[in-house]
$ cat final19.cif   # mmCIF, N, CA and C atoms
data_query
loop_
_atom_site.label_atom_id
_atom_site.label_comp_id
_atom_site.auth_asym_id
_atom_site.auth_seq_id
_atom_site.Cartn_x
_atom_site.Cartn_y
_atom_site.Cartn_z
N MET A 28 7.81 9.42 22.07
CA MET A 28 6.50 9.76 21.55
C MET A 28 6.54 11.08 20.76
N ASN A 29 7.33 12.04 21.21
CA ASN A 29 7.43 13.31 20.48
C ASN A 29 8.01 13.10 19.09
N TRP A 30 8.97 12.17 18.99
CA TRP A 30 9.57 11.90 17.67
C TRP A 30 8.51 11.40 16.71
N VAL A 31 7.66 10.51 17.17
CA VAL A 31 6.60 9.96 16.31
C VAL A 31 5.65 11.06 15.88
N LEU A 32 5.24 11.91 16.81
CA LEU A 32 4.28 12.96 16.49
C LEU A 32 4.87 14.01 15.54
N ASN A 33 6.19 14.22 15.61
CA ASN A 33 6.83 15.22 14.76
C ASN A 33 7.38 14.64 13.46
N ASN A 34 7.34 13.33 13.29
CA ASN A 34 7.86 12.68 12.10
C ASN A 34 6.93 12.95 10.92
N LYS A 35 7.49 13.45 9.80
CA LYS A 35 6.65 13.82 8.66
C LYS A 35 5.97 12.61 8.01
N TYR A 36 6.63 11.45 8.02
CA TYR A 36 6.03 10.26 7.41
C TYR A 36 4.86 9.75 8.26
N PHE A 37 5.05 9.75 9.57
CA PHE A 37 3.95 9.33 10.43
C PHE A 37 2.80 10.33 10.35
N HIS A 38 3.12 11.60 10.27
CA HIS A 38 2.08 12.61 10.14
C HIS A 38 1.29 12.40 8.85
N LEU A 39 1.97 12.08 7.77
CA LEU A 39 1.31 11.79 6.50
C LEU A 39 0.40 10.57 6.64
N LEU A 40 0.91 9.52 7.28
CA LEU A 40 0.12 8.31 7.48
C LEU A 40 -1.10 8.60 8.34
N SER A 41 -0.91 9.29 9.43
CA SER A 41 -2.00 9.60 10.34
C SER A 41 -3.07 10.45 9.65
N HIS A 42 -2.62 11.44 8.90
CA HIS A 42 -3.57 12.31 8.19
C HIS A 42 -4.31 11.53 7.10
N GLY A 43 -3.61 10.64 6.40
CA GLY A 43 -4.25 9.83 5.37
C GLY A 43 -5.31 8.90 5.94
N VAL A 44 -5.03 8.30 7.09
CA VAL A 44 -6.01 7.42 7.72
C VAL A 44 -7.21 8.22 8.21
N GLU A 45 -6.96 9.38 8.79
CA GLU A 45 -8.07 10.22 9.26
C GLU A 45 -8.92 10.71 8.09
N ARG A 46 -8.28 11.03 7.00
CA ARG A 46 -8.97 11.60 5.85
C ARG A 46 -9.75 10.55 5.05
N ASP A 47 -9.11 9.41 4.77
CA ASP A 47 -9.71 8.44 3.86
C ASP A 47 -9.95 7.05 4.44
N GLY A 48 -9.55 6.79 5.66
CA GLY A 48 -9.87 5.53 6.33
C GLY A 48 -9.48 4.30 5.55
N TRP A 49 -10.48 3.51 5.17
CA TRP A 49 -10.23 2.21 4.55
C TRP A 49 -9.51 2.33 3.21
N ARG A 50 -9.74 3.41 2.46
CA ARG A 50 -9.06 3.56 1.16
C ARG A 50 -7.55 3.71 1.36
N PHE A 51 -7.17 4.44 2.39
CA PHE A 51 -5.74 4.61 2.67
C PHE A 51 -5.13 3.29 3.11
N VAL A 52 -5.82 2.56 3.96
CA VAL A 52 -5.31 1.26 4.42
C VAL A 52 -5.18 0.29 3.25
N LEU A 53 -6.15 0.30 2.34
CA LEU A 53 -6.08 -0.58 1.17
C LEU A 53 -4.88 -0.24 0.31
N LEU A 54 -4.64 1.04 0.07
CA LEU A 54 -3.45 1.43 -0.70
C LEU A 54 -2.17 1.05 0.03
N ALA A 55 -2.17 1.17 1.34
CA ALA A 55 -0.99 0.78 2.11
C ALA A 55 -0.73 -0.71 2.00
N ARG A 56 -1.79 -1.50 1.96
CA ARG A 56 -1.63 -2.96 1.81
C ARG A 56 -1.07 -3.33 0.44
N PHE A 57 -1.35 -2.52 -0.57
CA PHE A 57 -0.82 -2.78 -1.90
C PHE A 57 0.64 -2.36 -2.03
N SER A 58 1.13 -1.61 -1.08
CA SER A 58 2.50 -1.09 -1.18
C SER A 58 3.52 -2.19 -0.91
N PRO A 59 4.76 -1.99 -1.36
CA PRO A 59 5.80 -2.99 -1.13
C PRO A 59 6.39 -2.95 0.28
N ILE A 60 5.90 -2.05 1.13
CA ILE A 60 6.37 -1.98 2.51
C ILE A 60 5.91 -3.25 3.24
N PRO A 61 6.80 -3.87 4.03
CA PRO A 61 6.40 -5.10 4.75
C PRO A 61 5.18 -4.85 5.64
N SER A 62 4.32 -5.84 5.73
CA SER A 62 3.05 -5.67 6.45
C SER A 62 3.24 -5.42 7.94
N TYR A 63 4.31 -5.95 8.55
CA TYR A 63 4.48 -5.70 9.97
C TYR A 63 4.77 -4.23 10.24
N VAL A 64 5.44 -3.54 9.32
CA VAL A 64 5.69 -2.10 9.47
C VAL A 64 4.37 -1.35 9.37
N ILE A 65 3.55 -1.71 8.39
CA ILE A 65 2.25 -1.07 8.23
C ILE A 65 1.37 -1.32 9.45
N ASN A 66 1.40 -2.55 9.98
CA ASN A 66 0.59 -2.87 11.16
C ASN A 66 0.95 -2.00 12.35
N TYR A 67 2.25 -1.86 12.64
CA TYR A 67 2.67 -1.02 13.77
C TYR A 67 2.30 0.44 13.54
N ALA A 68 2.48 0.92 12.33
CA ALA A 68 2.17 2.32 12.04
C ALA A 68 0.67 2.58 12.15
N LEU A 69 -0.15 1.68 11.61
CA LEU A 69 -1.59 1.87 11.67
C LEU A 69 -2.13 1.74 13.09
N ALA A 70 -1.47 0.93 13.91
CA ALA A 70 -1.91 0.79 15.30
C ALA A 70 -1.76 2.09 16.07
N ALA A 71 -0.87 2.96 15.63
CA ALA A 71 -0.65 4.24 16.32
C ALA A 71 -1.56 5.34 15.80
N THR A 72 -2.44 5.02 14.87
CA THR A 72 -3.37 6.02 14.34
C THR A 72 -4.77 5.77 14.87
N ASN A 73 -5.70 6.60 14.47
CA ASN A 73 -7.10 6.44 14.88
C ASN A 73 -7.87 5.65 13.84
N VAL A 74 -7.43 4.43 13.56
CA VAL A 74 -8.08 3.60 12.55
C VAL A 74 -9.10 2.69 13.24
N ARG A 75 -10.29 2.60 12.64
CA ARG A 75 -11.30 1.68 13.16
C ARG A 75 -10.92 0.26 12.75
N PHE A 76 -11.18 -0.72 13.60
CA PHE A 76 -10.66 -2.06 13.35
C PHE A 76 -11.35 -2.78 12.20
N ILE A 77 -12.64 -2.99 12.27
CA ILE A 77 -13.33 -3.83 11.27
C ILE A 77 -13.37 -3.15 9.90
N VAL A 78 -13.95 -1.97 9.84
CA VAL A 78 -14.20 -1.31 8.55
C VAL A 78 -12.92 -0.76 7.93
N ASP A 79 -12.11 -0.08 8.72
CA ASP A 79 -10.93 0.60 8.17
C ASP A 79 -9.67 -0.24 8.17
N PHE A 80 -9.62 -1.32 8.95
CA PHE A 80 -8.40 -2.11 9.02
C PHE A 80 -8.57 -3.54 8.50
N LEU A 81 -9.49 -4.29 9.07
CA LEU A 81 -9.60 -5.71 8.77
C LEU A 81 -10.03 -5.98 7.32
N LEU A 82 -11.11 -5.36 6.87
CA LEU A 82 -11.60 -5.62 5.51
C LEU A 82 -10.59 -5.20 4.44
N PRO A 83 -10.00 -3.99 4.52
CA PRO A 83 -8.99 -3.64 3.52
C PRO A 83 -7.75 -4.53 3.58
N THR A 84 -7.43 -5.04 4.77
CA THR A 84 -6.29 -5.94 4.89
C THR A 84 -6.55 -7.25 4.17
N VAL A 85 -7.73 -7.80 4.36
CA VAL A 85 -8.08 -9.06 3.69
C VAL A 85 -8.07 -8.86 2.17
N ILE A 86 -8.70 -7.80 1.69
CA ILE A 86 -8.77 -7.54 0.25
C ILE A 86 -7.39 -7.18 -0.30
N GLY A 87 -6.65 -6.37 0.42
CA GLY A 87 -5.35 -5.89 -0.05
C GLY A 87 -4.26 -6.93 -0.06
N CYS A 88 -4.39 -7.99 0.73
CA CYS A 88 -3.35 -9.02 0.77
C CYS A 88 -3.50 -10.05 -0.35
N VAL A 89 -4.69 -10.17 -0.92
CA VAL A 89 -4.92 -11.17 -1.98
C VAL A 89 -4.01 -10.95 -3.19
N PRO A 90 -3.87 -9.74 -3.74
CA PRO A 90 -2.99 -9.58 -4.90
C PRO A 90 -1.53 -9.95 -4.60
N MET A 91 -1.05 -9.62 -3.41
CA MET A 91 0.34 -9.95 -3.07
C MET A 91 0.52 -11.47 -2.94
N ILE A 92 -0.48 -12.14 -2.40
CA ILE A 92 -0.41 -13.61 -2.30
C ILE A 92 -0.39 -14.22 -3.70
N LEU A 93 -1.24 -13.72 -4.59
CA LEU A 93 -1.27 -14.22 -5.96
C LEU A 93 0.05 -13.94 -6.68
N GLN A 94 0.61 -12.76 -6.43
CA GLN A 94 1.88 -12.42 -7.07
C GLN A 94 2.99 -13.34 -6.57
N ASN A 95 3.06 -13.58 -5.28
CA ASN A 95 4.10 -14.47 -4.75
C ASN A 95 3.94 -15.89 -5.27
N THR A 96 2.70 -16.33 -5.39
CA THR A 96 2.44 -17.66 -5.93
C THR A 96 2.86 -17.76 -7.39
N SER A 97 2.55 -16.72 -8.16
CA SER A 97 2.91 -16.75 -9.58
C SER A 97 4.42 -16.65 -9.77
N ILE A 98 5.12 -15.93 -8.89
CA ILE A 98 6.58 -15.89 -8.97
C ILE A 98 7.16 -17.27 -8.67
N GLY A 99 6.53 -17.98 -7.74
CA GLY A 99 6.95 -19.36 -7.47
C GLY A 99 6.75 -20.25 -8.68
N SER A 100 5.65 -20.05 -9.41
CA SER A 100 5.42 -20.85 -10.62
C SER A 100 6.42 -20.47 -11.71
N LEU A 101 6.85 -19.20 -11.72
CA LEU A 101 7.88 -18.77 -12.67
C LEU A 101 9.19 -19.50 -12.39
N ALA A 102 9.52 -19.67 -11.13
CA ALA A 102 10.74 -20.41 -10.79
C ALA A 102 10.63 -21.86 -11.27
N GLY A 103 9.47 -22.46 -11.12
CA GLY A 103 9.25 -23.81 -11.61
C GLY A 103 9.37 -23.89 -13.12
N ALA A 104 8.84 -22.88 -13.81
CA ALA A 104 8.93 -22.85 -15.27
C ALA A 104 10.37 -22.66 -15.73
N ALA A 105 11.15 -21.86 -15.00
CA ALA A 105 12.55 -21.66 -15.35
C ALA A 105 13.34 -22.96 -15.19
N VAL A 106 13.06 -23.70 -14.13
CA VAL A 106 13.74 -24.99 -13.94
C VAL A 106 13.33 -25.96 -15.04
N ALA A 107 12.04 -25.95 -15.39
CA ALA A 107 11.57 -26.86 -16.45
C ALA A 107 12.21 -26.50 -17.78
N THR A 108 12.36 -25.22 -18.06
CA THR A 108 12.99 -24.78 -19.31
C THR A 108 14.46 -25.15 -19.34
N ALA A 109 15.14 -24.96 -18.21
CA ALA A 109 16.56 -25.28 -18.14
C ALA A 109 16.82 -26.77 -18.29
N SER A 110 15.89 -27.58 -17.81
CA SER A 110 16.08 -29.02 -17.91
C SER A 110 15.61 -29.58 -19.24
N GLY A 111 15.04 -28.73 -20.10
CA GLY A 111 14.61 -29.18 -21.42
C GLY A 111 13.22 -29.77 -21.42
N SER A 112 12.49 -29.64 -20.34
CA SER A 112 11.14 -30.18 -20.25
C SER A 112 10.18 -29.31 -21.06
N GLN A 113 9.14 -29.93 -21.57
CA GLN A 113 8.11 -29.20 -22.32
C GLN A 113 7.04 -28.64 -21.40
N LYS A 114 7.27 -28.70 -20.09
CA LYS A 114 6.29 -28.27 -19.11
C LYS A 114 6.10 -26.75 -19.08
N SER A 115 7.06 -26.01 -19.60
CA SER A 115 7.01 -24.55 -19.56
C SER A 115 5.85 -24.03 -20.38
N LYS A 116 5.07 -23.10 -19.80
CA LYS A 116 3.93 -22.53 -20.48
C LYS A 116 4.01 -21.02 -20.44
N VAL A 117 3.32 -20.39 -21.36
CA VAL A 117 3.32 -18.94 -21.45
C VAL A 117 2.76 -18.31 -20.18
N TRP A 118 1.72 -18.89 -19.58
CA TRP A 118 1.10 -18.33 -18.39
C TRP A 118 2.09 -18.24 -17.23
N SER A 119 3.06 -19.12 -17.22
CA SER A 119 4.05 -19.09 -16.16
C SER A 119 4.89 -17.83 -16.21
N TYR A 120 4.96 -17.19 -17.36
CA TYR A 120 5.72 -15.96 -17.50
C TYR A 120 4.83 -14.72 -17.48
N ILE A 121 3.61 -14.84 -17.98
CA ILE A 121 2.70 -13.69 -18.06
C ILE A 121 2.22 -13.26 -16.68
N LEU A 122 1.77 -14.20 -15.85
CA LEU A 122 1.23 -13.85 -14.54
C LEU A 122 2.25 -13.16 -13.63
N PRO A 123 3.48 -13.67 -13.52
CA PRO A 123 4.46 -12.92 -12.70
C PRO A 123 4.77 -11.54 -13.27
N SER A 124 4.82 -11.43 -14.59
CA SER A 124 5.07 -10.12 -15.19
C SER A 124 3.95 -9.14 -14.86
N LEU A 125 2.70 -9.60 -14.92
CA LEU A 125 1.57 -8.75 -14.54
C LEU A 125 1.64 -8.37 -13.06
N GLY A 126 2.06 -9.30 -12.22
CA GLY A 126 2.19 -9.01 -10.79
C GLY A 126 3.24 -7.96 -10.52
N ILE A 127 4.36 -8.07 -11.20
CA ILE A 127 5.44 -7.10 -11.00
C ILE A 127 5.01 -5.73 -11.53
N MET A 128 4.37 -5.70 -12.70
CA MET A 128 3.89 -4.43 -13.25
C MET A 128 2.84 -3.79 -12.34
N SER A 129 1.95 -4.61 -11.77
CA SER A 129 0.93 -4.06 -10.88
C SER A 129 1.56 -3.49 -9.61
N SER A 130 2.61 -4.11 -9.11
CA SER A 130 3.31 -3.58 -7.93
C SER A 130 3.92 -2.22 -8.23
N ILE A 131 4.50 -2.08 -9.40
CA ILE A 131 5.09 -0.80 -9.79
C ILE A 131 4.00 0.26 -9.92
N LEU A 132 2.89 -0.08 -10.58
CA LEU A 132 1.81 0.88 -10.76
C LEU A 132 1.18 1.28 -9.43
N ILE A 133 1.01 0.33 -8.54
CA ILE A 133 0.44 0.63 -7.22
C ILE A 133 1.39 1.52 -6.43
N SER A 134 2.69 1.26 -6.53
CA SER A 134 3.67 2.11 -5.83
C SER A 134 3.62 3.54 -6.35
N LEU A 135 3.49 3.71 -7.67
CA LEU A 135 3.37 5.05 -8.24
C LEU A 135 2.08 5.73 -7.79
N ARG A 136 1.01 4.98 -7.67
CA ARG A 136 -0.27 5.54 -7.21
C ARG A 136 -0.16 6.00 -5.76
N ILE A 137 0.51 5.21 -4.93
CA ILE A 137 0.68 5.58 -3.53
C ILE A 137 1.54 6.84 -3.43
N LYS A 138 2.56 6.95 -4.28
CA LYS A 138 3.39 8.16 -4.28
C LYS A 138 2.56 9.37 -4.66
N LYS A 139 1.71 9.24 -5.68
CA LYS A 139 0.84 10.35 -6.09
C LYS A 139 -0.12 10.71 -4.96
N TYR A 140 -0.65 9.71 -4.30
CA TYR A 140 -1.59 9.92 -3.20
C TYR A 140 -0.92 10.69 -2.07
N SER A 141 0.29 10.30 -1.71
CA SER A 141 0.99 10.99 -0.62
C SER A 141 1.36 12.41 -1.03
N THR A 142 1.68 12.63 -2.29
CA THR A 142 1.97 13.98 -2.78
C THR A 142 0.73 14.84 -2.71
N ASP A 143 -0.43 14.28 -3.08
CA ASP A 143 -1.68 15.03 -3.01
C ASP A 143 -2.00 15.45 -1.57
N ILE A 144 -1.77 14.56 -0.61
CA ILE A 144 -2.03 14.88 0.79
C ILE A 144 -1.08 15.99 1.25
N THR A 145 0.18 15.89 0.87
CA THR A 145 1.16 16.90 1.25
C THR A 145 0.80 18.26 0.67
N LEU A 146 0.40 18.28 -0.60
CA LEU A 146 0.00 19.54 -1.23
C LEU A 146 -1.26 20.12 -0.59
N ALA A 147 -2.20 19.26 -0.24
CA ALA A 147 -3.42 19.74 0.40
C ALA A 147 -3.12 20.34 1.76
N GLU A 148 -2.21 19.71 2.50
CA GLU A 148 -1.83 20.24 3.81
C GLU A 148 -1.12 21.58 3.68
N SER A 149 -0.22 21.68 2.70
CA SER A 149 0.53 22.92 2.55
C SER A 149 -0.38 24.06 2.09
N SER A 150 -1.36 23.77 1.24
CA SER A 150 -2.26 24.83 0.79
C SER A 150 -3.21 25.25 1.91
N SER A 151 -3.61 24.32 2.78
CA SER A 151 -4.49 24.69 3.89
C SER A 151 -3.74 25.46 4.96
N SER A 152 -2.44 25.22 5.11
CA SER A 152 -1.67 25.97 6.09
C SER A 152 -1.29 27.36 5.57
N ASP A 153 -1.29 27.54 4.23
CA ASP A 153 -1.01 28.84 3.64
C ASP A 153 -2.18 29.80 3.78
N HIS A 154 -3.39 29.26 3.86
CA HIS A 154 -4.58 30.08 3.94
C HIS A 154 -5.21 29.91 5.32
N PRO A 155 -4.94 30.81 6.25
CA PRO A 155 -5.53 30.67 7.58
C PRO A 155 -7.04 30.87 7.53
N LYS A 156 -7.72 30.19 8.43
CA LYS A 156 -9.18 30.29 8.47
C LYS A 156 -9.59 31.65 9.01
N VAL A 157 -10.62 32.21 8.38
CA VAL A 157 -11.15 33.49 8.82
C VAL A 157 -12.46 33.23 9.54
N GLU A 158 -12.58 33.69 10.76
CA GLU A 158 -13.80 33.44 11.52
C GLU A 158 -14.48 34.72 11.87
#

$ encode --input "final19.cif" --output "structure tokens"
Amino acid sequence: MNWVLNNKYFHLLSHGVERDGWRFVLLARFSPIPSYVINYALAATNVRFIVDFLLPTVIGCVPMILQNTSIGSLAGAAVATASGSQKSKVWSYILPSLGIMSSILISLRIKKYSTDITLAESSSSDHPKVE
């Protein structure tokens, strides 16, 4: 338990959930980290179930499901192209490309978000409260 409490990544996750609740969970769902890892990590924080966990999970999983489906259609289009079939369509290539680009952009946003939290923590620890 001490390792978890002293781990900088868990501390970042815990602070993000406490600070932003459902917004942090939604960003975590958009991340490329496997959902079972996110589930275990979020279970160890003070996250509310319905508002901060369940709703962002439902909303956040839809883009990944669509991306995986479109990548499957890309595989079908590649087979159709290789076999000389006219079944290949432009949408079969555009949707997976958009999904991959959105994953990269979301990952960059999560990195910026975690950097902002780290900077906010370091600036608050530099300035002790005066009472």

$ resolve_selection --input "final19.cif" --expression "the PyMOL selection byres ((chain A and resi 52) around 8)" --output "ChimeraX atom specification"
/A:43-44,47-51,53-58,79-80,82-84,87

$ atom_distance --input "final19.cif" --atom1 "atom N of Ser141 (chain A)" --atom2 "CA of Ile92 (chain A)"
23.9 Å

$ closest_residue --input "final19.cif" --among "A:Arg46, A:Leu81, A:Ile60, A:Phe37" --to "Asp143 (chain A)" --atoms "only C-alpha atoms"
A:Arg46

$ select_by_dssp --input "final19.cif" --residues "chain A" --states "helix (DSSP H, G or I)" --output "PyMOL selection string"
chain A and resi 29-33+35-47+49-57+62-70+77-109+118-153

$ resolve_selection --input "final19.cif" --expression "the PyMOL selection byres ((chain A and resi 98-102) around 8)" --output "list in words"
Ile92, Leu93, Gln94, Asn95, Thr96, Ser97, Gly103, Ala104, Ala105, Val106, Ala107, Thr108, Trp118, Ser119, Tyr120, Ile121, Leu122, Pro123, Ser124 and Gly126 of chain A

$ closest_residue --input "final19.cif" --among "A:Ser151, A:Thr72, A:Ser62, A:Ser134" --to "Glu45 (chain A)" --atoms "all atoms listed in the file"
A:Thr72
